[in-house]
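This is data.cif. It holds mmCIF, C-alpha atoms.
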```
data_structure
loop_
_atom_site.label_atom_id
_atom_site.label_comp_id
_atom_site.auth_asym_id
_atom_site.auth_seq_id
_atom_site.Cartn_x
_atom_site.Cartn_y
_atom_site.Cartn_z
CA MET B 1 -7.31 92.18 -49.22
CA SER B 2 -4.06 93.53 -50.60
CA ALA B 3 -0.86 91.55 -50.31
CA ARG B 4 0.44 94.25 -48.00
CA ALA B 5 -2.58 94.14 -45.70
CA LEU B 6 -2.41 90.36 -45.59
CA ARG B 7 1.26 90.44 -44.72
CA ILE B 8 0.71 93.02 -41.98
CA THR B 9 -2.16 90.96 -40.54
CA LEU B 10 0.09 87.89 -40.43
CA ILE B 11 2.93 89.89 -38.87
CA LEU B 12 0.58 91.13 -36.12
CA LEU B 13 -0.75 87.62 -35.46
CA THR B 14 2.77 86.19 -35.35
CA SER B 15 3.89 88.92 -32.96
CA ALA B 16 1.00 88.07 -30.62
CA GLY B 17 1.94 84.38 -30.77
CA LEU B 18 5.56 85.31 -30.18
CA GLY B 19 4.56 87.24 -27.06
CA ILE B 20 2.57 84.30 -25.69
CA ALA B 21 5.27 81.71 -26.42
CA GLY B 22 7.91 84.05 -25.01
CA TYR B 23 5.94 84.50 -21.81
CA LEU B 24 5.36 80.75 -21.41
CA THR B 25 9.02 80.00 -22.07
CA TYR B 26 10.00 82.56 -19.44
CA VAL B 27 7.51 81.06 -16.98
CA HIS B 28 8.86 77.57 -17.67
CA TYR B 29 12.47 78.46 -16.97
CA ALA B 30 11.73 80.84 -14.09
CA GLY B 31 9.75 78.05 -12.45
CA ILE B 32 6.78 80.29 -11.69
CA ASN B 33 3.11 79.77 -12.48
CA PRO B 34 1.58 81.65 -15.41
CA VAL B 35 -1.10 84.23 -14.68
CA CYS B 36 -4.24 82.21 -15.18
CA THR B 37 -7.95 82.75 -14.56
CA ALA B 38 -9.03 79.10 -14.52
CA GLY B 39 -7.65 78.05 -11.11
CA GLY B 40 -4.54 75.93 -11.47
CA SER B 41 -5.22 74.78 -15.03
CA CYS B 42 -2.23 76.56 -16.53
CA GLU B 43 0.05 75.17 -13.87
CA LYS B 44 -1.32 71.70 -14.46
CA VAL B 45 -0.68 71.99 -18.20
CA GLN B 46 2.69 73.68 -17.82
CA THR B 47 4.01 71.10 -15.39
CA SER B 48 2.57 68.05 -17.15
CA VAL B 49 4.74 65.55 -19.02
CA TYR B 50 3.43 67.01 -22.27
CA SER B 51 5.00 70.40 -21.54
CA GLU B 52 8.29 69.03 -22.82
CA LEU B 53 9.16 67.17 -25.98
CA ALA B 54 12.39 65.19 -25.70
CA GLY B 55 13.42 67.47 -22.84
CA VAL B 56 12.72 70.67 -24.76
CA PRO B 57 9.86 72.76 -23.37
CA VAL B 58 7.10 73.04 -25.97
CA ALA B 59 6.85 76.76 -25.16
CA LEU B 60 10.43 77.16 -26.42
CA ILE B 61 9.63 75.16 -29.57
CA GLY B 62 6.69 77.51 -30.12
CA LEU B 63 8.87 80.55 -29.53
CA LEU B 64 11.43 79.37 -32.10
CA GLY B 65 8.62 78.61 -34.55
CA TYR B 66 7.09 82.06 -34.20
CA VAL B 67 10.51 83.73 -34.54
CA SER B 68 11.16 81.81 -37.77
CA ILE B 69 7.72 82.66 -39.16
CA LEU B 70 8.19 86.33 -38.30
CA GLY B 71 11.60 86.28 -39.97
CA LEU B 72 10.07 84.84 -43.14
CA LEU B 73 7.30 87.45 -43.09
CA LEU B 74 9.80 90.29 -42.73
CA ALA B 75 12.10 88.89 -45.42
CA PRO B 76 11.66 90.18 -48.99
CA GLU B 77 8.45 88.64 -50.28
CA GLY B 78 8.76 85.93 -52.90
CA GLU B 79 7.53 82.49 -53.85
CA ARG B 80 10.05 80.75 -51.60
CA THR B 81 9.47 82.83 -48.46
CA ARG B 82 5.71 82.56 -48.92
CA PHE B 83 6.05 78.80 -49.22
CA ALA B 84 8.38 78.41 -46.25
CA MET B 85 6.17 80.64 -44.12
CA MET B 86 3.11 78.59 -45.03
CA ALA B 87 4.88 75.29 -44.38
CA LEU B 88 6.07 76.43 -40.93
CA THR B 89 2.63 77.78 -40.08
CA LEU B 90 0.98 74.49 -41.01
CA VAL B 91 3.51 72.55 -38.92
CA GLY B 92 2.86 74.94 -36.02
CA PHE B 93 -0.87 74.56 -36.46
CA ALA B 94 -0.61 70.77 -36.40
CA PHE B 95 1.62 70.88 -33.32
CA SER B 96 -0.76 73.16 -31.45
CA ALA B 97 -3.68 70.93 -32.47
CA TYR B 98 -1.82 67.96 -30.98
CA LEU B 99 -1.13 69.88 -27.76
CA THR B 100 -4.77 70.96 -27.51
CA TYR B 101 -5.78 67.32 -27.93
CA ARG B 102 -3.45 66.42 -25.06
CA GLU B 103 -4.91 69.20 -22.91
CA LEU B 104 -8.44 68.00 -23.51
CA TYR B 105 -8.00 64.25 -23.38
CA SER B 106 -4.85 63.57 -21.37
CA ILE B 107 -4.36 66.44 -18.95
CA HIS B 108 -8.04 67.36 -18.63
CA ALA B 109 -7.16 71.03 -18.22
CA ILE B 110 -7.01 73.95 -20.61
CA CYS B 111 -4.47 76.72 -20.29
CA GLU B 112 -5.71 79.97 -21.84
CA TRP B 113 -2.25 80.94 -23.01
CA CYS B 114 -1.84 77.73 -24.97
CA ALA B 115 -5.41 77.98 -26.26
CA SER B 116 -4.76 81.55 -27.47
CA SER B 117 -1.66 80.42 -29.33
CA ALA B 118 -3.65 77.57 -30.88
CA ALA B 119 -6.37 80.05 -31.94
CA ILE B 120 -3.77 82.35 -33.52
CA LEU B 121 -2.30 79.47 -35.51
CA THR B 122 -5.77 78.34 -36.52
CA VAL B 123 -6.36 81.77 -38.09
CA MET B 124 -2.87 81.94 -39.57
CA ALA B 125 -2.94 78.52 -41.24
CA PRO B 126 -5.68 79.25 -43.82
CA LEU B 127 -4.39 82.80 -44.29
CA SER B 128 -0.90 81.55 -45.11
CA VAL B 129 -2.25 78.93 -47.53
CA TRP B 130 -4.38 81.59 -49.20
CA ARG B 131 -1.40 83.93 -49.38
CA PHE B 132 0.71 81.25 -51.04
CA LEU B 133 -1.92 80.28 -53.59
CA ARG B 134 -3.54 83.62 -54.35
CA VAL B 135 -0.72 85.72 -55.84
CA PRO B 136 -1.48 85.75 -59.60
CA PRO B 137 1.08 83.44 -61.14
CA SER B 138 1.45 85.89 -64.06
CA ALA B 139 2.61 88.61 -61.70
CA GLN B 140 4.88 86.03 -60.18
CA LEU B 141 6.29 85.15 -63.61
CA THR B 142 7.19 88.69 -64.60
CA HIS B 143 8.54 89.16 -61.12
CA GLY B 144 10.53 85.98 -61.33
CA ARG B 145 12.22 86.86 -64.63
CA PRO B 146 15.30 89.04 -64.66
CA ALA B 147 13.45 91.99 -63.26
CA PRO B 148 13.73 95.14 -65.34
CA GLN B 149 13.68 97.28 -62.19
CA ARG B 150 16.65 95.44 -60.82
CA ALA B 151 18.50 95.92 -64.13
CA ASP B 152 17.68 99.63 -63.87
CA THR B 153 18.93 99.98 -60.34
CA GLN B 154 22.01 98.05 -61.26
CA SER B 155 22.78 100.29 -64.18
CA LEU B 156 22.02 103.29 -61.99
CA SER B 157 24.34 102.15 -59.29
CA SER B 158 27.07 101.27 -61.73
CA ALA B 159 26.68 104.66 -63.38
CA SER B 160 27.00 106.59 -60.17
CA MET W 1 -9.15 81.56 -91.83
CA SER W 2 -12.26 82.91 -93.54
CA THR W 3 -10.70 86.40 -93.70
CA LEU W 4 -8.07 85.04 -96.02
CA LYS W 5 -10.27 85.28 -99.07
CA THR W 6 -12.29 88.41 -98.29
CA GLY W 7 -9.33 90.55 -97.30
CA GLN W 8 -7.15 89.48 -100.13
CA HIS W 9 -6.71 92.98 -101.57
CA GLN W 10 -5.33 94.17 -98.20
CA GLU W 11 -2.88 91.33 -98.02
CA ASN W 12 0.06 93.19 -96.47
CA PRO W 13 -1.56 94.71 -93.33
CA THR W 14 -3.59 91.55 -92.77
CA ARG W 15 -0.53 89.38 -92.82
CA LYS W 16 1.20 91.71 -90.41
CA GLN W 17 -1.82 91.77 -88.20
CA ARG W 18 -2.14 88.04 -88.41
CA ARG W 19 1.45 87.59 -87.50
CA GLU W 20 1.06 89.87 -84.54
CA ARG W 21 -2.14 88.27 -83.48
CA ALA W 22 -0.53 84.85 -83.73
CA ARG W 23 2.34 86.07 -81.65
CA THR W 24 0.14 87.47 -78.91
CA GLU W 25 -1.98 84.35 -79.00
CA ARG W 26 1.09 82.22 -78.68
CA ARG W 27 2.31 84.36 -75.80
CA GLU W 28 -1.02 84.12 -74.11
CA ILE W 29 -1.09 80.37 -74.49
CA GLU W 30 2.44 80.18 -73.14
CA ARG W 31 1.50 82.41 -70.28
CA ALA W 32 -1.64 80.42 -69.55
CA GLN W 33 0.39 77.24 -69.61
CA ALA W 34 2.93 78.80 -67.27
CA VAL W 35 0.14 79.94 -64.96
CA VAL W 36 -1.27 76.43 -64.88
CA ALA W 37 2.22 75.05 -64.24
CA VAL W 38 2.84 77.43 -61.35
CA ARG W 39 -0.57 76.69 -59.87
CA ARG W 40 0.11 72.99 -60.18
CA THR W 41 3.52 73.35 -58.54
CA ARG W 42 2.04 75.35 -55.69
CA LEU W 43 -0.76 72.89 -55.09
CA SER W 44 1.61 69.93 -55.13
CA LEU W 45 3.95 71.76 -52.71
CA LEU W 46 0.95 72.39 -50.46
CA GLY W 47 0.00 68.74 -50.79
CA ILE W 48 3.49 67.62 -49.80
CA VAL W 49 3.49 69.89 -46.71
CA VAL W 50 0.05 68.68 -45.65
CA ALA W 51 1.07 65.05 -46.15
CA VAL W 52 4.26 65.52 -44.11
CA VAL W 53 2.35 67.26 -41.32
CA VAL W 54 -0.34 64.57 -41.19
CA ALA W 55 2.32 61.85 -41.20
CA GLY W 56 4.07 63.65 -38.33
CA ILE W 57 0.89 63.76 -36.27
CA VAL W 58 0.23 60.07 -36.86
CA VAL W 59 3.80 59.15 -35.85
CA VAL W 60 3.61 61.24 -32.67
CA LEU W 61 0.24 59.79 -31.72
CA ILE W 62 1.38 56.23 -32.32
CA ALA W 63 4.65 56.79 -30.47
CA SER W 64 2.99 58.40 -27.47
CA SER W 65 0.17 55.89 -27.22
CA GLY W 66 2.64 53.04 -27.55
CA SER W 67 5.08 53.93 -24.81
CA GLY W 68 3.06 56.45 -22.87
CA GLU W 69 -0.31 55.36 -21.72
CA ARG W 70 0.43 52.03 -20.20
CA HIS W 71 -2.80 50.43 -19.30
CA ILE W 72 -1.95 46.95 -18.25
CA LYS W 73 -5.10 44.93 -17.93
CA PRO W 74 -5.27 42.24 -15.28
CA GLY W 75 -4.78 38.91 -16.97
CA SER W 76 -2.73 40.29 -19.86
CA ALA W 77 0.74 38.94 -20.57
CA GLU W 78 2.42 42.07 -19.17
CA ALA W 79 0.34 41.87 -16.01
CA THR W 80 1.28 38.25 -15.52
CA ALA W 81 4.95 39.06 -16.04
CA ALA W 82 4.84 42.01 -13.60
CA SER W 83 2.91 40.01 -11.06
CA SER W 84 5.32 37.07 -11.11
CA GLU W 85 8.29 39.46 -10.88
CA VAL W 86 6.77 41.03 -7.75
CA THR W 87 5.91 37.67 -6.25
CA THR W 88 9.46 36.40 -6.76
CA LEU W 89 10.95 39.57 -5.30
CA LEU W 90 8.86 39.47 -2.13
CA ALA W 91 8.54 35.71 -1.65
CA GLY W 92 9.45 34.61 1.86
CA ILE W 93 10.08 38.10 3.21
CA PRO W 94 7.93 38.93 6.26
CA GLN W 95 5.55 41.88 5.94
CA ASN W 96 3.68 43.76 8.61
CA GLY W 97 1.52 46.66 7.53
CA ASN W 98 3.78 49.01 5.63
CA VAL W 99 6.96 47.24 6.76
CA LEU W 100 8.91 44.85 4.60
CA GLY W 101 11.50 42.74 6.36
CA ARG W 102 12.29 41.10 9.67
CA PRO W 103 10.67 43.20 12.44
CA THR W 104 13.90 43.09 14.47
CA ALA W 105 16.15 44.15 11.60
CA PRO W 106 18.88 46.48 12.97
CA VAL W 107 18.57 49.09 10.22
CA THR W 108 15.45 50.90 9.01
CA LEU W 109 14.89 52.59 5.67
CA GLN W 110 11.79 54.73 5.27
CA TYR W 111 10.82 55.17 1.65
CA PHE W 112 8.52 58.14 0.99
CA GLY W 113 6.82 57.72 -2.35
CA ASP W 114 3.86 58.72 -4.45
CA LEU W 115 2.44 55.77 -6.36
CA GLU W 116 2.01 57.95 -9.46
CA CYS W 117 5.54 59.39 -9.35
CA PRO W 118 7.67 58.16 -12.28
CA VAL W 119 10.97 58.64 -10.44
CA CYS W 120 9.63 56.47 -7.61
CA ARG W 121 8.85 53.84 -10.22
CA ALA W 122 12.41 54.16 -11.52
CA PHE W 123 13.73 53.58 -8.00
CA THR W 124 11.31 50.76 -7.21
CA ILE W 125 12.26 48.92 -10.37
CA GLY W 126 15.87 50.10 -10.47
CA ALA W 127 17.75 50.18 -7.16
CA LEU W 128 15.20 48.71 -4.74
CA PRO W 129 15.16 45.04 -5.86
CA SER W 130 18.87 44.62 -5.25
CA VAL W 131 18.62 46.43 -1.89
CA ILE W 132 15.85 44.00 -0.96
CA GLY W 133 17.85 41.03 -2.19
CA LYS W 134 21.03 42.07 -0.41
CA TRP W 135 19.83 43.47 2.93
CA VAL W 136 16.14 42.81 3.54
CA ARG W 137 16.32 39.16 2.62
CA GLY W 138 19.32 38.77 4.93
CA GLY W 139 17.32 40.27 7.83
CA GLU W 140 19.60 43.28 8.30
CA LEU W 141 17.21 45.89 6.91
CA LYS W 142 13.51 46.63 7.02
CA VAL W 143 11.89 49.04 4.60
CA GLU W 144 8.84 51.10 5.55
CA TYR W 145 6.75 52.45 2.74
CA ARG W 146 5.35 55.89 3.55
CA SER W 147 3.55 58.35 1.34
CA LEU W 148 3.98 61.94 0.27
CA GLU W 149 1.82 63.51 -2.40
CA THR W 150 3.93 64.86 -5.26
CA ALA W 151 3.06 63.60 -8.73
CA THR W 152 -0.61 62.87 -8.07
CA ARG W 153 -2.57 66.01 -8.85
CA GLU W 154 -5.84 65.34 -7.06
CA PRO W 155 -5.53 64.93 -3.27
CA GLU W 156 -8.63 62.72 -3.29
CA VAL W 157 -7.08 60.31 -5.80
CA PHE W 158 -3.85 60.30 -3.82
CA ARG W 159 -5.64 59.46 -0.59
CA SER W 160 -7.72 56.79 -2.28
CA GLN W 161 -4.79 54.94 -3.90
CA GLN W 162 -2.67 55.17 -0.76
CA VAL W 163 -5.50 53.94 1.50
CA ALA W 164 -6.00 51.05 -0.93
CA ALA W 165 -2.32 50.14 -0.45
CA LEU W 166 -2.60 50.45 3.35
CA ALA W 167 -5.73 48.30 3.32
CA ALA W 168 -3.71 45.57 1.61
CA GLY W 169 -1.24 46.10 4.46
CA ARG W 170 -3.93 44.99 6.89
CA GLN W 171 -3.47 41.58 5.31
CA ASN W 172 0.31 42.10 5.26
CA LYS W 173 0.31 42.44 1.50
CA MET W 174 0.90 46.18 1.15
CA TRP W 175 4.26 45.67 -0.55
CA ASN W 176 2.71 43.42 -3.18
CA PHE W 177 0.15 46.12 -3.86
CA VAL W 178 2.74 48.93 -3.95
CA GLU W 179 5.16 46.97 -6.15
CA THR W 180 2.42 45.94 -8.57
CA PHE W 181 1.15 49.53 -8.74
CA TYR W 182 4.62 50.84 -9.58
CA HIS W 183 5.21 48.11 -12.14
CA GLU W 184 1.97 48.98 -13.91
CA GLN W 185 2.14 52.72 -13.35
CA GLY W 186 0.60 54.80 -16.13
CA GLU W 187 1.72 58.06 -17.60
CA GLU W 188 1.66 61.00 -15.22
CA ASP W 189 -1.38 63.28 -15.37
CA THR W 190 -3.38 61.07 -17.63
CA GLY W 191 -6.04 60.32 -15.03
CA TYR W 192 -5.47 56.57 -15.33
CA VAL W 193 -5.92 55.89 -11.62
CA THR W 194 -9.59 55.07 -11.58
CA GLU W 195 -11.49 52.83 -9.20
CA ASN W 196 -11.17 50.10 -11.83
CA PHE W 197 -7.41 50.53 -11.96
CA ILE W 198 -7.08 50.29 -8.16
CA GLN W 199 -9.24 47.18 -8.06
CA GLY W 200 -7.23 45.74 -10.94
CA ILE W 201 -4.05 46.13 -8.88
CA ALA W 202 -5.68 44.50 -5.87
CA LYS W 203 -6.86 41.55 -7.97
CA GLN W 204 -3.25 40.90 -8.97
CA VAL W 205 -2.09 40.57 -5.36
CA PRO W 206 -1.97 36.81 -4.75
CA GLY W 207 -4.04 35.69 -1.81
CA LEU W 208 -5.56 39.08 -1.03
CA ASN W 209 -9.04 38.75 0.42
CA LEU W 210 -10.88 41.27 -1.71
CA THR W 211 -13.96 41.48 0.48
CA ALA W 212 -11.93 42.30 3.56
CA TRP W 213 -9.74 44.68 1.55
CA THR W 214 -12.78 46.55 0.23
CA SER W 215 -14.28 47.06 3.68
CA GLU W 216 -10.94 48.14 5.21
CA ARG W 217 -10.61 50.85 2.58
CA ASP W 218 -13.31 52.80 4.39
CA GLU W 219 -11.46 52.86 7.67
CA PRO W 220 -10.67 56.38 8.85
CA ALA W 221 -7.56 55.06 10.60
CA LEU W 222 -5.94 54.44 7.22
CA SER W 223 -6.69 57.97 6.03
CA SER W 224 -5.08 59.36 9.15
CA LEU W 225 -1.98 57.27 8.39
CA VAL W 226 -1.72 59.12 5.07
CA ALA W 227 -1.98 62.41 6.94
CA SER W 228 0.64 61.43 9.51
CA ASP W 229 3.03 60.34 6.73
CA GLU W 230 2.67 63.80 5.25
CA GLN W 231 3.42 65.41 8.61
CA ALA W 232 6.45 63.19 9.06
CA ALA W 233 7.73 64.16 5.63
CA ASN W 234 7.20 67.85 6.37
CA SER W 235 8.86 67.73 9.76
CA ASN W 236 11.87 66.02 8.19
CA GLY W 237 12.05 68.61 5.46
CA LEU W 238 11.24 66.16 2.66
CA ASP W 239 9.65 67.96 -0.25
CA GLY W 240 9.97 65.52 -3.13
CA THR W 241 9.69 61.83 -3.87
CA PRO W 242 11.29 59.41 -3.68
CA ALA W 243 12.79 60.53 -0.37
CA PHE W 244 14.55 58.39 2.20
CA LEU W 245 15.18 58.39 5.91
CA LEU W 246 17.77 55.89 7.07
CA GLY W 247 19.18 54.91 10.46
CA ARG W 248 19.53 52.30 13.15
CA SER W 249 16.12 50.86 14.04
CA GLY W 250 14.62 52.67 16.99
CA GLY W 251 17.15 55.48 16.74
CA ALA W 252 17.09 58.75 14.90
CA LEU W 253 16.74 58.50 11.14
CA THR W 254 18.52 60.91 8.84
CA GLN W 255 17.76 61.81 5.28
CA LEU W 256 19.61 59.84 2.63
CA GLU W 257 20.07 61.64 -0.67
CA PRO W 258 21.45 59.05 -3.09
CA SER W 259 23.26 60.16 -6.21
CA SER W 260 21.18 57.70 -8.23
CA PHE W 261 17.76 56.10 -7.85
CA THR W 262 18.40 53.35 -10.29
CA GLU W 263 21.80 52.18 -9.03
CA PRO W 264 21.90 50.38 -5.67
CA GLY W 265 25.48 51.50 -4.95
CA PRO W 266 24.75 54.61 -2.83
CA PHE W 267 22.11 52.70 -0.82
CA ASN W 268 24.37 49.71 -0.23
CA GLU W 269 27.18 51.94 0.96
CA ALA W 270 25.00 53.82 3.47
CA ILE W 271 23.29 50.66 4.72
CA GLU W 272 26.57 48.80 5.09
CA LYS W 273 27.96 51.53 7.34
CA LEU W 274 24.93 51.30 9.63
CA VAL W 275 24.89 47.51 9.69
CA LYS W 276 28.54 47.47 10.79
CA SER W 277 28.17 50.24 13.37
#
```

Show me this structure written as structure tokens.
Amino acid sequence: MSARALRITLILLTSAGLGIAGYLTYVHYAGINPVCTAGGSCEKVQTSVYSELAGVPVALIGLLGYVSILGLLLAPEGERTRFAMMALTLVGFAFSAYLTYRELYSIHAICEWCASSAAILTVMAPLSVWRFLRVPPSAQLTHGRPAPQRADTQSLSSAS
Amino acid sequence: MSTLKTGQHQENPTRKQRRERARTERREIERAQAVVAVRRTRLSLLGIVVAVVVAGIVVVLIASSGSGERHIKPGSAEATAASSEVTTLLAGIPQNGNVLGRPTAPVTLQYFGDLECPVCRAFTIGALPSVIGKWVRGGELKVEYRSLETATREPEVFRSQQVAALAAGRQNKMWNFVETFYHEQGEEDTGYVTENFIQGIAKQVPGLNLTAWTSERDEPALSSLVASDEQAANSNGLDGTPAFLLGRSGGALTQLEPSSFTEPGPFNEAIEKLVKS
């Protein structure tokens, strides 16, 4: 898988997660029930005490997380952005794992929207780790040094 | 090294080659070392992130299990403390069914609650004790506990816990049951109200005849009381808990919407007006 393909895959996954978190945040603040096939489960999850963390709806936390991850994926690729993206994804994965645990053992109801977001993060977590570790360090090194291309563009721009 | 001797007559190119080879070798070693260093840095960064995340999960789990899922077992120190607090609060105050206070008290407060509702707990532990101390104990106010399903998710669980409270009321100990339940209330939506939990509450009510209580729990009359409480709440436009109807006893009751459930001030003010009228 090329770096480009991997990045695009992650961007698509993040966008899907963003859509879900955005919808759930909207539902939370609009005070309506999410469209749900398993009768009442989503409502039960969305209105439970675990739907907020210190007064902040978890859907909003998820939305902010996905926005940050998407921002890091769209930013110029480099060691730092890859690391930050991976770190955020792992935090998001852990958070969604905790919420899924609460759904199963405390609320006794599963909301498909939350489960989909958890599934997305479960796929993204290993992908982001792989992406961070896989880039050949040699390529990284030459890239990290005063890049000749940049020197060229600089001289070009200064010449023009 | 062995080429040194054999290629002696081509000393110049060999030396050049050797120098170049040494240089590339050195570069490669440097590069390999750099690669290893970068890999090591990445893995340790990954390790740090994983460690932080795991630590976060542990902290959240410990924090939430500590404060959240209160499961006070009968006989534990907390249960004893809650039970003695309730006993002290209610000692010497007459009870009749769901009514706490002198039957001829001039003012009536109807308290609509859901035993699993955290705000009701906040009121029961916050404002209510001083209202009881100030007005009920003095015989000026009686408080009727009525039910309205809000926080409890399963109607069957709601009916069961409320009927259990009403059954204690048959022995004029409903308020002990209700107060103990609120004191030991668990975290909302955690499914903590099991048959064991309900029996545990009953066992903490001093002097409750458990055999009689158990058989009264099957009485259909108590279930219909739950239904009529719901109708009363609906016809008065009450849609949340805790909700209050207040007025002169025997007269029309009007809804009281206090600005706080934990401060007795708004209740005292409204009750005082009625007592003096």

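The nearest approach to chain W among the residues B:Val58, B:Ile20, B:Ser48, B:Val135, with all atoms listed in the file taken into account, belongs to B:Ser48.
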
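The smallest atom-to-atom distance between Arg40 of chain W and any of B:Leu133, B:Val56, B:Ile61, B:Cys36, using only C-alpha atoms, is found for B:Leu133.
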
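Matched in the shown structure by the PyMOL selection byres ((chain B and resi 3) around 10): Met1, Ser2, Arg4, Ala5, Leu6, Arg7, Ile8, Thr9, Glu77, Arg131, Arg134 and Val135 of chain B.
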
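Between atom CA of Gly251 of chain W and atom CA of Asn268 of chain W there is a distance of 19.3 Å.
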
*If you apply the PyMOL selection byres ((chain W) within 10 of (chain B)) to this file, what residues do you get, as a ChimeraX atom specification?*
/W:31-32,34-39,42-43,45-46,48-50,52-54,56-57,60-61,69,151,153,187-192

_Applying the PyMOL selection byres ((chain W and resi 80) around 12) to the file I just gave you, which residues come out? Please list them as a count of residues only._
23

*One decimal, Å: what's the distance from atom CA of Ala118 of chain B over to atom CA of Pro34 of chain B, could you say?*
16.8 Å

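Note that atom CA of Val59 of chain W and atom CA of Ser116 of chain B are 25.4 Å apart.
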
*May I have the residues at most 6 Å from (4.1, 57.0, 0.2) in the file's coordinates, counting all atoms listed in the file, as a ChimeraX atom specification?*
/W:112-114,145-148

_Long-range neighbours of Gln46 of chain B as an MDAnalysis selection string, 10 Å cut-off, all atoms listed in the file, 3 positions minimum in chain_ = chainID B and resid 24:25 27:28 31:34 40:43 49:52 57:59 111 114

*Pick from W:Val136, W:Ala63, W:Leu89, W:Ile125 nearest to Ala105 of chain W, counting only C-alpha atoms*: W:Val136

*So which residues touch Ser15 of chain B within 10 Å, counting only C-alpha atoms, skipping near sequence neighbours fewer than 5 positions away, as a PyMOL selection string?*
chain B and resi 9-10+20-21+66-67+69-70

*Pick out the closest residue to Phe244 of chain W from this set: W:Ala167, W:Gly186, W:Tyr111, W:Ser215. Count all atoms listed in the file.*
W:Tyr111

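Of the residues under consideration (W:Thr108, W:Ser130, W:Asn196, W:Gln171), W:Ser130 shows the shortest atom-to-atom contact distance to Gly265 of chain W when counting all atoms listed in the file.
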
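Minimum atom-to-atom distances from W:Gly250, W:Pro94, W:Pro155, W:Pro118 to Trp175 of chain W were compared using all atoms listed in the file, and the lowest value belongs to W:Pro94.
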